[in-house]
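*Asks:* Next up is a structure, given as structure tokens.
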Amino acid sequence: MGLAPIEDSHQRDGDAVPSLFSFIVFRRENTGGFVFNPYLFNEIALDDMGMRIIEHCNGHFSLKEITGIVADEFSLSHDQTERYVYEVFNKFERYCAINWRQQKRKHSKPIPDSMHSYPYPKITDCQARNVGSLLAPLSVLWEITCECNLKCKHCLIEAGNRERDEMSLEEVKKTIKQLAAMKVFKITFGGGEPLTRPDFFDILDYASRFHFGIKLTTNGILVDDNLLKRLRDTNVFSVQVSVDGLKQTHNAFRGDKKAFERATTALKTFSDAGYWTLMSTAITRYNVNELEALVDLAVQCGATSFKPSPFVPIGRGKENVEELAIAPSEIKNLAKTMLRKKEEYKDVIDMQIDGLFPWLFEPCSAGISNTIEGQSRVGCSAGVSDVVITPLGDILPCPFLRNFVAGNLRKNSLKDIWNNSDVFNVFRNLQSDQLGGECKNCEYVPYYCQGGCRAAAYTGGGDLFAPDPHCWKDLI
């Protein structure tokens, strides 16, 4: 049966049988869990009731039966449960997760364990110290090689030549199997320039056997019709292309006279081919006055998203920090410009500008207190829901925190590293009262601002708890 039309689940017959599409992945956590559609590239968080509902979407239970099961397990009235079940199914339908059947599947399948007997995964000592931490990453950024065909002034891994002991194809495949077993949802392949790796399509082909959402980051130099044709045989869904200025600026920054033309052509080519495309820009002293034009360029190229991020001095960027770094006052001015462009193109392109502290233009809402229980954690997804794999198999919480090595895949499995690394423990327990300087008592933390970028704070002075040097709050 084909995909049923999206409609309000209240209108469905109670005998209708919901069945998950084969590409949908769901994962239980200590509380609740997630459901993931690799073709939409974002996961939906579910509570315990939502998880019990999706566990019964196997073609063997009718809508009426699922409502009764959930009502019994959670000791709720039928009316309460029915309203909730319909709400959840409407969400599943919008997420293209459910196929409705008129009859139950004929072959037998074990009934899912009840809520009271469900075998929850064993919680490690490290997880016990991190209430609410996930049982596995949601997303992995994989620096698949150090090799690159450009010499960018800000490169965080100082890419150029391939390292002699980079992970082999067999090691990569072994790790991909680990990610699939852990039900990691998304993999972003980067570098270096991933397309320079001779066996990169072998890697993509293997990863495409599993239900990952796959994203490719590239500088665009090697993108042509043949590559595009080859990519169609993989499960690559999203492509990110870096454009760090208009033509003259980008070419000088990247060290290649054709870099701008190749990058913008690649961005348009992927957009025209139907990929979700992201144009990313590292904001530097060279391009800070070109960002408005770059937004227009992203729209002209058909990009789905535009993400400008302040330069962070790591890798080769440390050698060029005086040349590239921008002041908080420049970020303030840029934030105002980007907010205006966001409104101008609100129905055209997704503008990801949180790194510019745009909320500082609005007064903090009265009545919000930093002392509300459970709302004091700061930091981003680094080591909390995301990890980085380096070309040599090191596991990092963030690509900009190269000194925080949680483990190595040649010594331990990713599952062991994720569950037991004290490095991740640090990032999962960052609290607002640990921050120093202006951040410590800032009324915007942790509700509007999660304490800024901890990587920017650390690289700016070696203090993980220092204020983000890009914040311009003291200029208000």
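Identifiers in this document derive from the order of the structure tokens: chains are assigned A, B, ..., residues are numbered from 1 separately in each chain, and ligands are numbered from 1 in order of occurrence.
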Please return as a PyMOL selection string: the residues of range 167-414 of chain A that backbone DSSP assigns to alpha helix (DSSP H).
*Replies:* chain A and resi 169-181+200-207+225-231+247-254+259-272+291-300+321-324+328-344+414
*Asks:* Restricting the output to C-alpha atoms, write the selected residues as an mmCIF file, in the first residue's frame.
*Replies:*
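The new file again.cif reads:
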```cif
data_model
loop_
_atom_site.group_PDB
_atom_site.id
_atom_site.type_symbol
_atom_site.label_atom_id
_atom_site.label_comp_id
_atom_site.auth_asym_id
_atom_site.auth_seq_id
_atom_site.Cartn_x
_atom_site.Cartn_y
_atom_site.Cartn_z
ATOM 1 C CA LEU A 169 38.623 1.370 4.706
ATOM 2 C CA GLU A 170 38.145 -1.708 6.891
ATOM 3 C CA GLU A 171 38.467 0.364 10.064
ATOM 4 C CA VAL A 172 35.960 2.845 8.680
ATOM 5 C CA LYS A 173 33.483 0.073 7.837
ATOM 6 C CA LYS A 174 33.891 -1.417 11.305
ATOM 7 C CA THR A 175 33.093 1.954 12.848
ATOM 8 C CA ILE A 176 30.062 2.457 10.595
ATOM 9 C CA LYS A 177 28.702 -0.872 11.865
ATOM 10 C CA GLN A 178 29.200 0.376 15.421
ATOM 11 C CA LEU A 179 27.296 3.569 14.635
ATOM 12 C CA ALA A 180 24.439 1.569 13.115
ATOM 13 C CA ALA A 181 24.304 -0.765 16.122
ATOM 14 C CA PHE A 200 35.458 7.741 -0.421
ATOM 15 C CA PHE A 201 32.683 6.300 -2.553
ATOM 16 C CA ASP A 202 33.367 2.869 -1.101
ATOM 17 C CA ILE A 203 32.739 4.487 2.292
ATOM 18 C CA LEU A 204 29.570 6.211 1.096
ATOM 19 C CA ASP A 205 28.277 3.035 -0.528
ATOM 20 C CA TYR A 206 28.796 1.089 2.690
ATOM 21 C CA ALA A 207 27.235 3.772 4.907
ATOM 22 C CA ASP A 225 28.531 15.993 -13.462
ATOM 23 C CA ASN A 226 30.239 12.618 -13.049
ATOM 24 C CA LEU A 227 30.506 13.078 -9.295
ATOM 25 C CA LEU A 228 26.894 14.174 -9.083
ATOM 26 C CA LYS A 229 25.804 11.107 -11.016
ATOM 27 C CA ARG A 230 27.808 8.864 -8.681
ATOM 28 C CA LEU A 231 26.324 10.520 -5.596
ATOM 29 C CA LYS A 247 35.279 36.235 -5.455
ATOM 30 C CA GLN A 248 38.515 38.060 -4.668
ATOM 31 C CA THR A 249 38.237 37.504 -0.914
ATOM 32 C CA HIS A 250 37.356 33.829 -1.153
ATOM 33 C CA ASN A 251 40.104 33.034 -3.667
ATOM 34 C CA ALA A 252 42.775 34.787 -1.580
ATOM 35 C CA PHE A 253 41.536 33.107 1.599
ATOM 36 C CA ARG A 254 41.499 29.656 -0.003
ATOM 37 C CA ALA A 259 37.998 28.393 -5.678
ATOM 38 C CA PHE A 260 35.076 30.855 -5.684
ATOM 39 C CA GLU A 261 33.786 29.795 -9.087
ATOM 40 C CA ARG A 262 33.991 26.114 -8.184
ATOM 41 C CA ALA A 263 32.342 26.598 -4.776
ATOM 42 C CA THR A 264 29.390 28.650 -6.046
ATOM 43 C CA THR A 265 28.914 26.387 -9.069
ATOM 44 C CA ALA A 266 28.892 23.340 -6.776
ATOM 45 C CA LEU A 267 26.357 24.976 -4.463
ATOM 46 C CA LYS A 268 24.017 25.763 -7.352
ATOM 47 C CA THR A 269 24.535 22.327 -8.914
ATOM 48 C CA PHE A 270 23.597 20.521 -5.694
ATOM 49 C CA SER A 271 20.651 22.838 -5.087
ATOM 50 C CA ASP A 272 19.324 22.309 -8.608
ATOM 51 C CA LEU A 291 28.155 39.132 4.556
ATOM 52 C CA GLU A 292 25.073 40.962 3.311
ATOM 53 C CA ALA A 293 26.091 40.258 -0.282
ATOM 54 C CA LEU A 294 26.876 36.636 0.637
ATOM 55 C CA VAL A 295 23.315 36.109 1.858
ATOM 56 C CA ASP A 296 22.080 37.356 -1.510
ATOM 57 C CA LEU A 297 24.552 35.011 -3.197
ATOM 58 C CA ALA A 298 23.286 32.041 -1.169
ATOM 59 C CA VAL A 299 19.744 32.812 -2.297
ATOM 60 C CA GLN A 300 20.865 33.141 -5.931
ATOM 61 C CA VAL A 321 44.696 35.124 14.225
ATOM 62 C CA GLU A 322 45.766 38.776 14.028
ATOM 63 C CA GLU A 323 44.914 38.810 10.351
ATOM 64 C CA LEU A 324 41.502 37.147 10.673
ATOM 65 C CA PRO A 328 32.669 42.066 19.225
ATOM 66 C CA SER A 329 31.572 45.471 17.905
ATOM 67 C CA GLU A 330 31.786 44.116 14.353
ATOM 68 C CA ILE A 331 29.722 41.086 15.340
ATOM 69 C CA LYS A 332 27.085 43.389 16.856
ATOM 70 C CA ASN A 333 26.793 45.355 13.625
ATOM 71 C CA LEU A 334 26.706 42.147 11.620
ATOM 72 C CA ALA A 335 23.992 40.653 13.841
ATOM 73 C CA LYS A 336 21.756 43.632 13.104
ATOM 74 C CA THR A 337 22.364 43.229 9.371
ATOM 75 C CA MET A 338 21.710 39.486 9.470
ATOM 76 C CA LEU A 339 18.450 39.965 11.386
ATOM 77 C CA ARG A 340 17.305 42.327 8.657
ATOM 78 C CA LYS A 341 18.290 39.828 5.948
ATOM 79 C CA LYS A 342 16.574 37.041 7.860
ATOM 80 C CA GLU A 343 13.323 38.995 7.773
ATOM 81 C CA GLU A 344 13.826 39.866 4.108
ATOM 82 C CA LEU A 414 32.753 4.175 20.320
#
```
*Asks:* I'd like the neighbourhood of range 436-441 of chain A as a list in words, where a residue qualifies if any of its atoms comes within 9 Å (using only C-alpha atoms), though same-chain residues fewer than 2 positions away should be ignored.
*Replies:*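 Non-adjacent residues within range: Asn370, Ser432, Asp433, Gln434, Glu443, Tyr444, Val445, Gly451, Gly452, Phe465, Ala466, Pro467, Asp468, Lys473 and Asp474 of chain A.
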*Asks:* Which residue out of A:Cys398, A:Cys152, A:Val140, A:Leu20 has the minimum interatomic distance to Phe89 in chain A when only C-alpha atoms are used?
*Replies:*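 Checking each of A:Cys398, A:Cys152, A:Val140, A:Leu20 against Phe89 in chain A, counting only C-alpha atoms, the winner is A:Leu20.
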*Asks:* Excluding same-chain residues fewer than 4 positions from range 301-312 of chain A, what lies within 7 Å of it counting only C-alpha atoms, as a PyMOL selection string?
*Replies:* chain A and resi 264+267-268+271+276-284+295+297+325+349-353+355+456
*Asks:* Ile214 in chain A: which residues within 10 Å, counting only C-alpha atoms, same-chain residues fewer than 2 positions away excluded, as a list of chain:residue names?
*Replies:* A:Pro38, A:Tyr39, A:Phe41, A:Ser139, A:Val140, A:Phe185, A:Lys186, A:Ile187, A:Thr188, A:Phe189, A:Leu204, A:Ala207, A:Ser208, A:His211, A:Phe212, A:Leu216, A:Thr234, A:Asn235, A:Val236, A:Phe237, A:Ser238, A:Val239
*Asks:* Could you work out how far CA of Ser62 in chain A lies from CA of Ala16 in chain A, giving the answer in Å with one decimal?
*Replies:* 5.4 Å
*Asks:* Determine the nearest neighbour of Val288 in chain A from the options A:Gly255, A:Gly274, A:Met167, A:Asp244, counting only C-alpha atoms.
*Replies:*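 The closest residue to Val288 in chain A is A:Asp244.
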*Asks:* Return the single residue from A:Pro446, A:Gly68, A:Gly190, A:Pro313 that is closest to Cys380 in chain A, with distances computed using only C-alpha atoms.
*Replies:*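 Checking each of A:Pro446, A:Gly68, A:Gly190, A:Pro313 against Cys380 in chain A, counting only C-alpha atoms, the winner is A:Pro446.
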*Asks:* Residues at most 12 Å from Val384 in chain A, counting only C-alpha atoms, excluding those fewer than 4 positions away in the same chain, as a short mmCIF file (atom, residue, chain, number, x, y, z; two decimals) with N, CA and C atoms, in the first residue's frame?
*Replies:*
```cif
data_model
loop_
_atom_site.label_atom_id
_atom_site.label_comp_id
_atom_site.auth_asym_id
_atom_site.auth_seq_id
_atom_site.Cartn_x
_atom_site.Cartn_y
_atom_site.Cartn_z
N GLN A 127 27.33 7.51 33.12
CA GLN A 127 26.00 8.02 32.83
C GLN A 127 25.25 8.36 34.10
N ASN A 130 25.58 11.72 34.95
CA ASN A 130 25.07 12.65 33.95
C ASN A 130 23.58 12.38 33.73
N VAL A 131 22.76 12.85 34.66
CA VAL A 131 21.33 12.62 34.57
C VAL A 131 20.81 13.20 33.26
N GLY A 132 20.12 12.38 32.49
CA GLY A 132 19.57 12.85 31.24
C GLY A 132 20.49 12.68 30.05
N SER A 133 21.70 12.16 30.24
CA SER A 133 22.60 11.98 29.11
C SER A 133 22.09 10.87 28.20
N LEU A 134 22.39 10.97 26.92
CA LEU A 134 21.91 10.02 25.93
C LEU A 134 22.72 8.74 25.96
N LEU A 135 22.10 7.66 25.51
CA LEU A 135 22.78 6.36 25.47
C LEU A 135 23.70 6.22 24.27
N ALA A 136 23.59 7.14 23.31
CA ALA A 136 24.45 7.14 22.13
C ALA A 136 24.37 8.52 21.50
N PRO A 137 25.34 8.89 20.68
CA PRO A 137 25.24 10.17 19.97
C PRO A 137 24.05 10.17 19.01
N LEU A 138 23.55 11.34 18.73
CA LEU A 138 22.57 11.49 17.67
C LEU A 138 23.26 11.74 16.33
N SER A 139 24.42 12.39 16.39
CA SER A 139 25.08 12.82 15.17
C SER A 139 26.59 12.70 15.32
N VAL A 140 27.25 12.36 14.21
CA VAL A 140 28.72 12.23 14.18
C VAL A 140 29.27 13.07 13.03
N ARG A 377 22.11 23.97 32.78
CA ARG A 377 23.18 23.47 31.94
C ARG A 377 23.45 24.44 30.80
N VAL A 378 24.75 24.61 30.50
CA VAL A 378 25.14 25.46 29.38
C VAL A 378 26.01 24.65 28.42
N GLY A 379 26.32 25.25 27.31
CA GLY A 379 27.11 24.57 26.29
C GLY A 379 26.24 24.13 25.14
N CYS A 380 26.86 23.57 24.11
CA CYS A 380 26.12 23.15 22.93
C CYS A 380 25.96 21.62 22.94
N VAL A 388 32.91 13.92 17.33
CA VAL A 388 33.75 14.06 16.15
C VAL A 388 34.69 12.87 16.08
N LEU A 396 36.46 13.27 19.62
CA LEU A 396 36.44 14.59 20.23
C LEU A 396 35.00 15.02 20.47
N PRO A 397 34.77 15.92 21.44
CA PRO A 397 33.42 16.45 21.62
C PRO A 397 33.07 17.51 20.58
N CYS A 398 34.09 18.16 20.01
CA CYS A 398 33.87 19.28 19.10
C CYS A 398 35.08 19.41 18.19
N TRP A 418 31.90 6.59 24.53
CA TRP A 418 30.74 7.43 24.79
C TRP A 418 30.23 7.26 26.22
N ASN A 419 30.20 6.03 26.69
CA ASN A 419 29.64 5.76 28.00
C ASN A 419 30.57 6.06 29.16
N SER A 421 33.88 8.00 29.03
CA SER A 421 34.92 9.02 28.96
C SER A 421 34.64 10.17 29.92
N VAL A 423 36.09 12.95 29.66
CA VAL A 423 36.08 14.17 28.84
C VAL A 423 34.64 14.56 28.52
N PHE A 424 33.84 13.60 28.10
CA PHE A 424 32.44 13.90 27.82
C PHE A 424 31.71 14.31 29.09
N ASN A 425 32.12 13.73 30.22
CA ASN A 425 31.49 14.07 31.49
C ASN A 425 31.60 15.57 31.78
N VAL A 426 32.73 16.17 31.39
CA VAL A 426 32.93 17.61 31.60
C VAL A 426 31.87 18.41 30.86
N PHE A 427 31.65 18.08 29.58
CA PHE A 427 30.75 18.87 28.75
C PHE A 427 29.28 18.59 29.07
N ARG A 428 28.98 17.41 29.58
CA ARG A 428 27.60 17.10 29.94
C ARG A 428 27.18 17.74 31.25
N ASN A 429 28.14 18.26 32.01
CA ASN A 429 27.83 18.83 33.31
C ASN A 429 28.23 20.30 33.44
N LEU A 430 28.42 20.99 32.32
CA LEU A 430 28.70 22.42 32.37
C LEU A 430 27.49 23.17 32.92
#
```
*Asks:* Quick one: pull the distance between CA of Ala273 in chain A and CA of Thr218 in chain A, Å, one decimal.
*Replies:*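 That distance, rounded to one decimal, is 15.9 Å.
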*Asks:* Could you please determine the separation between CA of Pro358 in chain A and CA of Tyr458 in chain A in Å, to one decimal place?
*Replies:*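 Interatomic distance here is 21.9 Å.
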*Asks:* Write out as a list in words which residues come within 9 Å of Leu464 in chain A when counting only C-alpha atoms, dropping same-chain ones fewer than 5 positions away.
*Replies:*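 The contact residues come out as Leu435, Arg454, Ala455, Ala456, Ala457, Tyr458 and Thr459 of chain A.
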*Asks:* Write out, as an mmCIF file, in the first residue's frame, the residues just selected, with C-alpha atoms.
*Replies:*
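After the write, selection.cif holds the following:
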```cif
data_model
loop_
_atom_site.group_PDB
_atom_site.id
_atom_site.type_symbol
_atom_site.label_atom_id
_atom_site.label_comp_id
_atom_site.auth_asym_id
_atom_site.auth_seq_id
_atom_site.Cartn_x
_atom_site.Cartn_y
_atom_site.Cartn_z
ATOM 1 C CA LEU A 435 31.071 30.419 33.934
ATOM 2 C CA ARG A 454 32.955 27.004 24.888
ATOM 3 C CA ALA A 455 35.451 26.249 22.120
ATOM 4 C CA ALA A 456 35.816 29.970 21.353
ATOM 5 C CA ALA A 457 36.299 30.657 25.059
ATOM 6 C CA TYR A 458 38.933 27.944 25.406
ATOM 7 C CA THR A 459 40.907 28.788 22.272
#
```
*Asks:* So which residues of range 206-348 of chain A fall under strand (DSSP E) by DSSP, listed as an MDAnalysis selection string?
*Replies:* chainID A and resid 213:218 236:242 276:283 305:310
*Asks:* Fewer than 4 positions away in the same chain doesn't count, so skip those; otherwise give me all residues within 9 Å of Phe26 in chain A, counting only C-alpha atoms, as a ChimeraX atom specification.
*Replies:* /A:33-37,51,54-55,183
